[in-house]
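Trainee: Once you've had a glance at the structure underneath, I'll fire off some questions.
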Amino acid sequence: MELQSLKDIAKQLMAGNKGLLAMDESTATCNKRFKALNIPQTEEYRRKYRDLIVNTPRLEEAISGAILFDETIRQSTADGKLFVDILKEKGIIPGIKVDESARDMDGFPGEKITEGLDGLPERLAEYYKLGARFAKWRAVITIGENTPTSGSIKANAFLLARYAIICQEAGIVPIVEPEVLMDGDHSLQTCADVTNEVLHTVFNQLYQQRVNFEGMILKPNMIVPGIKAPQQDSADVVADTTINCFLRCVPASVPGIAFLSGGQSPELASERLNAMHVRFKDKMPWALTFSYSRAVQQPALEKWAGKDENIEEAQRLLYERAHINTIARDGKYTPELEKHPVA
């Protein structure tokens with residue numbers, strides 16, 4: 001393991017006020033979002049959309065790393081230039097999603113387990129040659145009447161830890177993503193209790209599997225009430241609950257935390273990230289940023305709608321949303337930014 005190289009990459013990913021762009025939607029997920037907007041669900045349209053993203057002017061001012069999907073890391077522009085090369089020329093570090101999605105967990109009704117360890121060293125070696133310098137693996141934790149169970153949490157934590165050490169041995173920084181889903185009507189406190197147990201379990205497994213905390217990044221959920229909960233707590237309450245949990249659970253040696261958006265609206269995701277920096281900026285031992293997918297992409301995707309004449313405006317919206325989150329990371333976001341285009 002070349003620890004210094006891993007530390008350097010992690011530091012670059014967390015630098016300044018930038019964040020990570022999650023553009024690693026699987027083919028099924030991408031097609032689902034296209035279908036909702038009447039965009040043809042073909043490889044060519046997926047390529048055109050990702051072309052739109054990587055060629056967005058000034059994207060590098062807000063984004064330090066982009067998480068790609070297997071299809072995307074191999075794709076090129078219409079004139080044959082690899083997307084990976086475009087990102088590198090912009091100073092954006094390419095990353096890659098390496099899990100093979102969650103499936104129903106045998107013996108644990110209502111819970112999921114993530115697959116993808118088989119052949120992972122070989123796949124990472126190929127992705128490294130293709131230009132990837134960090135990776136992502138997502139575990140899914142569901143809050144329900146009888147979930148999550150400790151067995152499910154432990155199994156997913158073990159797989160996250162095995163993935164992470166395999167990445168580090170391959171010279172690739174692992175992004176560890178244990179996502180407590182916001183589906184349902186549970187309270188913020190229930191989410192806090194589950195997230196607390198999940199993070200403690202994950203870092204215990206990471207330690208046992210000899211993962212170096214200085215060469216990884218955590219990609220967690222914010223602690224929020226379920227999307228159907230009758231009480232939707234304020235951004236300040238979300239910020240206080242989330243950061244106080246992280247201060248208890250996340251070692252100070254971890255260089256960075258990059259939030260997933262998890263189905264939050266773009267505005268809420270920015271407002272809550274901002275509140276954390278306003279209230280805890282001098283108390284956090286790790287960098288705290290964003291690694292959003294829909295909360296950055298959705299306005300641009302809706303504007304593009306598969307039409308070439310909309311590309312320029314869609315790119316403006318993509319940059320605008322990413323830039324707003326850099327302002328939130330600086331603790332200077334205001335709702336007024338949603339009404340006026342960002343320069």
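Here, A, B, ... name the chains of the structure tokens in the order displayed, residue numbers run from 1 inside each chain, and ligands are numbered from 1 in the same displayed order.
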Write out as a PyMOL selection string each polymer residue whose atoms come within 10 Å of Tyr128 of chain A, counting only C-alpha atoms; drop sequence neighbours fewer than 3 positions from it.

Mentor: chain A and resi 94-96+122-125+131-135+170-172

Trainee: Using the selection just defined, write its residues with N, CA and C atoms as a PDB file, in the first residue's frame.

Mentor:
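In the end it all went to part35.pdb:
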```
ATOM      1  N   PRO A  94     -10.920  11.277 -11.706  1.00  0.00           N
ATOM      2  CA  PRO A  94     -11.934  10.260 -12.015  1.00  0.00           C
ATOM      3  C   PRO A  94     -12.012   9.196 -10.912  1.00  0.00           C
ATOM      4  N   GLY A  95     -13.242   8.805 -10.597  1.00  0.00           N
ATOM      5  CA  GLY A  95     -13.483   7.707  -9.667  1.00  0.00           C
ATOM      6  C   GLY A  95     -14.430   6.708 -10.298  1.00  0.00           C
ATOM      7  N   ILE A  96     -14.696   5.612  -9.597  1.00  0.00           N
ATOM      8  CA  ILE A  96     -15.506   4.546 -10.194  1.00  0.00           C
ATOM      9  C   ILE A  96     -16.352   3.836  -9.132  1.00  0.00           C
ATOM     10  N   GLU A 122      -9.040  -7.608  -9.613  1.00  0.00           N
ATOM     11  CA  GLU A 122      -8.774  -7.551 -11.051  1.00  0.00           C
ATOM     12  C   GLU A 122      -9.492  -6.357 -11.690  1.00  0.00           C
ATOM     13  N   ARG A 123     -10.727  -6.109 -11.271  1.00  0.00           N
ATOM     14  CA  ARG A 123     -11.461  -4.970 -11.818  1.00  0.00           C
ATOM     15  C   ARG A 123     -10.799  -3.652 -11.429  1.00  0.00           C
ATOM     16  N   LEU A 124     -10.314  -3.576 -10.188  1.00  0.00           N
ATOM     17  CA  LEU A 124      -9.640  -2.353  -9.745  1.00  0.00           C
ATOM     18  C   LEU A 124      -8.358  -2.113 -10.530  1.00  0.00           C
ATOM     19  N   ALA A 125      -7.644  -3.172 -10.828  1.00  0.00           N
ATOM     20  CA  ALA A 125      -6.414  -3.024 -11.617  1.00  0.00           C
ATOM     21  C   ALA A 125      -6.735  -2.444 -12.987  1.00  0.00           C
ATOM     22  N   GLY A 131      -7.671   5.103 -15.466  1.00  0.00           N
ATOM     23  CA  GLY A 131      -7.538   6.443 -14.908  1.00  0.00           C
ATOM     24  C   GLY A 131      -8.213   6.684 -13.577  1.00  0.00           C
ATOM     25  N   ALA A 132      -8.940   5.707 -13.040  1.00  0.00           N
ATOM     26  CA  ALA A 132      -9.627   5.901 -11.759  1.00  0.00           C
ATOM     27  C   ALA A 132      -8.625   5.931 -10.615  1.00  0.00           C
ATOM     28  N   ARG A 133      -8.827   6.869  -9.685  1.00  0.00           N
ATOM     29  CA  ARG A 133      -7.950   6.963  -8.526  1.00  0.00           C
ATOM     30  C   ARG A 133      -8.715   6.884  -7.205  1.00  0.00           C
ATOM     31  N   PHE A 134     -10.034   6.790  -7.305  1.00  0.00           N
ATOM     32  CA  PHE A 134     -10.826   6.503  -6.111  1.00  0.00           C
ATOM     33  C   PHE A 134     -12.037   5.685  -6.540  1.00  0.00           C
ATOM     34  N   ALA A 135     -12.676   5.042  -5.570  1.00  0.00           N
ATOM     35  CA  ALA A 135     -13.802   4.157  -5.867  1.00  0.00           C
ATOM     36  C   ALA A 135     -14.913   4.375  -4.848  1.00  0.00           C
ATOM     37  N   ALA A 170      -4.814  -1.637  -3.978  1.00  0.00           N
ATOM     38  CA  ALA A 170      -4.728  -1.385  -5.427  1.00  0.00           C
ATOM     39  C   ALA A 170      -4.326   0.057  -5.734  1.00  0.00           C
ATOM     40  N   GLY A 171      -4.051   0.850  -4.699  1.00  0.00           N
ATOM     41  CA  GLY A 171      -3.660   2.238  -4.910  1.00  0.00           C
ATOM     42  C   GLY A 171      -4.827   3.163  -5.183  1.00  0.00           C
ATOM     43  N   ILE A 172      -6.019   2.744  -4.789  1.00  0.00           N
ATOM     44  CA  ILE A 172      -7.243   3.506  -5.040  1.00  0.00           C
ATOM     45  C   ILE A 172      -7.887   3.891  -3.718  1.00  0.00           C
TER      46      ILE A 172
END
```

Trainee: Among segment 63-311 of chain A, which residues does DSSP mark as alpha helix (DSSP H) when it is run on the backbone? Keep the chain and numbering as in the structure and answer as a PyMOL selection string.

Mentor: chain A and resi 70-73+83-90+120-130+150-169+188-208+235-249+266-280+294-304+311

Trainee: Include C-alpha atoms and write out the residues we just selected as a CSV table (one decimal), in the first residue's frame.

Mentor:
```
chain,number,residue,atom,x,y,z
A,70,ASP,CA,-18.4,1.1,-15.7
A,71,GLU,CA,-20.1,2.2,-18.9
A,72,THR,CA,-19.1,5.8,-18.5
A,73,ILE,CA,-15.4,5.3,-17.7
A,83,PHE,CA,-14.5,11.3,-20.8
A,84,VAL,CA,-11.8,10.4,-18.4
A,85,ASP,CA,-9.2,12.4,-20.3
A,86,ILE,CA,-11.5,15.5,-20.3
A,87,LEU,CA,-12.0,15.2,-16.6
A,88,LYS,CA,-8.2,14.9,-16.0
A,89,GLU,CA,-7.5,17.9,-18.2
A,90,LYS,CA,-9.9,19.9,-16.0
A,120,LEU,CA,-12.7,-6.9,-7.3
A,121,PRO,CA,-8.9,-6.8,-7.3
A,122,GLU,CA,-8.8,-7.6,-11.1
A,123,ARG,CA,-11.5,-5.0,-11.8
A,124,LEU,CA,-9.6,-2.4,-9.7
A,125,ALA,CA,-6.4,-3.0,-11.6
A,126,GLU,CA,-8.2,-2.4,-14.9
A,127,TYR,CA,-10.0,0.8,-13.6
A,128,TYR,CA,-6.6,2.1,-12.3
A,129,LYS,CA,-5.2,1.7,-15.9
A,130,LEU,CA,-8.3,3.5,-17.2
A,150,SER,CA,-27.6,-5.9,13.9
A,151,GLY,CA,-26.9,-8.9,11.7
A,152,SER,CA,-27.6,-6.9,8.5
A,153,ILE,CA,-25.6,-3.9,9.8
A,154,LYS,CA,-22.6,-6.1,10.6
A,155,ALA,CA,-22.7,-8.0,7.3
A,156,ASN,CA,-22.8,-4.8,5.3
A,157,ALA,CA,-20.1,-3.2,7.4
A,158,PHE,CA,-17.8,-6.2,6.9
A,159,LEU,CA,-18.2,-6.0,3.1
A,160,LEU,CA,-17.6,-2.3,3.1
A,161,ALA,CA,-14.4,-2.9,5.0
A,162,ARG,CA,-13.2,-5.7,2.7
A,163,TYR,CA,-13.9,-3.5,-0.3
A,164,ALA,CA,-12.0,-0.6,1.3
A,165,ILE,CA,-8.8,-2.6,2.1
A,166,ILE,CA,-8.8,-4.2,-1.4
A,167,CYS,CA,-9.0,-0.6,-2.9
A,168,GLN,CA,-6.1,0.6,-0.8
A,169,GLU,CA,-4.0,-2.3,-1.8
A,188,LEU,CA,-35.0,12.2,13.2
A,189,GLN,CA,-34.1,10.6,16.5
A,190,THR,CA,-34.7,7.1,15.1
A,191,CYS,CA,-32.4,8.0,12.1
A,192,ALA,CA,-29.8,9.3,14.6
A,193,ASP,CA,-29.9,6.1,16.7
A,194,VAL,CA,-29.5,3.9,13.6
A,195,THR,CA,-26.8,6.0,12.0
A,196,ASN,CA,-24.9,6.0,15.3
A,197,GLU,CA,-24.9,2.2,15.4
A,198,VAL,CA,-24.1,1.9,11.7
A,199,LEU,CA,-21.1,4.2,11.9
A,200,HIS,CA,-19.7,2.6,15.0
A,201,THR,CA,-20.0,-0.8,13.4
A,202,VAL,CA,-18.5,0.3,10.1
A,203,PHE,CA,-15.4,1.9,11.7
A,204,ASN,CA,-14.9,-1.1,13.9
A,205,GLN,CA,-14.9,-3.4,10.8
A,206,LEU,CA,-12.6,-0.9,9.0
A,207,TYR,CA,-10.2,-1.1,11.9
A,208,GLN,CA,-10.3,-4.9,12.1
A,235,ALA,CA,-31.8,22.7,9.0
A,236,ASP,CA,-30.2,23.7,12.3
A,237,VAL,CA,-31.6,20.7,14.1
A,238,VAL,CA,-30.4,18.4,11.3
A,239,ALA,CA,-27.0,20.0,11.4
A,240,ASP,CA,-26.6,19.7,15.2
A,241,THR,CA,-27.8,16.1,15.3
A,242,THR,CA,-25.6,15.0,12.3
A,243,ILE,CA,-22.4,16.6,13.4
A,244,ASN,CA,-22.7,15.6,17.0
A,245,CYS,CA,-23.1,12.0,15.9
A,246,PHE,CA,-20.1,12.2,13.6
A,247,LEU,CA,-18.0,13.7,16.3
A,248,ARG,CA,-18.7,10.6,18.4
A,249,CYS,CA,-18.4,8.1,15.6
A,266,PRO,CA,-31.4,20.4,-4.2
A,267,GLU,CA,-32.3,23.3,-2.0
A,268,LEU,CA,-32.6,21.3,1.3
A,269,ALA,CA,-29.3,19.5,0.6
A,270,SER,CA,-27.5,22.8,0.2
A,271,GLU,CA,-29.3,24.5,3.2
A,272,ARG,CA,-28.4,21.6,5.5
A,273,LEU,CA,-24.8,21.4,4.4
A,274,ASN,CA,-24.5,25.2,5.0
A,275,ALA,CA,-26.0,24.9,8.5
A,276,MET,CA,-23.3,22.4,9.5
A,277,HIS,CA,-20.6,24.7,8.4
A,278,VAL,CA,-22.1,27.8,10.1
A,279,ARG,CA,-22.6,25.9,13.4
A,280,PHE,CA,-19.5,23.6,13.5
A,294,ARG,CA,-29.7,14.2,-8.1
A,295,ALA,CA,-29.3,17.2,-5.9
A,296,VAL,CA,-26.8,18.6,-8.5
A,297,GLN,CA,-27.9,16.9,-11.7
A,298,GLN,CA,-31.7,17.0,-11.6
A,299,PRO,CA,-32.4,20.5,-12.8
A,300,ALA,CA,-29.9,20.1,-15.7
A,301,LEU,CA,-31.4,16.7,-16.6
A,302,GLU,CA,-34.9,18.1,-16.7
A,303,LYS,CA,-33.8,21.0,-18.8
A,304,TRP,CA,-31.9,18.9,-21.3
A,311,ILE,CA,-27.4,21.5,-23.8
```

Trainee: I'd like to know which residues of segment 123-190 of chain A are strand (DSSP E or B) (by DSSP, run on the backbone); could you write them as a ChimeraX atom specification?

Mentor: /A:134-141,173-180

Trainee: Between atom CA of Trp286 of chain A and atom CA of Pro255 of chain A, what is the distance in Å, rounded to a tenth?

Mentor: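 About the pair atom CA of Trp286 of chain A and atom CA of Pro255 of chain A: they are 5.2 Å apart.
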
Trainee: Just checking: using only C-alpha atoms, which residue out of A:Thr42, A:Thr334, A:Ser26, A:Thr326 ends up closest to Glu60 of chain A?

Mentor: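 Once distances to Glu60 of chain A are computed over only C-alpha atoms, the minimum belongs to A:Thr326.
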
Trainee: Which residue is closest to Ile257 of chain A? Choose from A:Val211, A:Leu59, A:Val140, A:Val176 and count only C-alpha atoms.

Mentor: A:Val176

Trainee: Go through A:Val98, A:Ile143, A:Ala229, A:Leu218 and flag the residue nearest Ser253 of chain A, using only C-alpha atoms for the distances.

Mentor: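 For Ser253 of chain A, the nearest of the candidates is A:Leu218.
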
Trainee: With only C-alpha atoms as the basis for distance, which of A:Gln232, A:Phe259, A:Gln41, A:Glu111 is at the shortest distance from Ala28 of chain A?

Mentor: A:Gln41
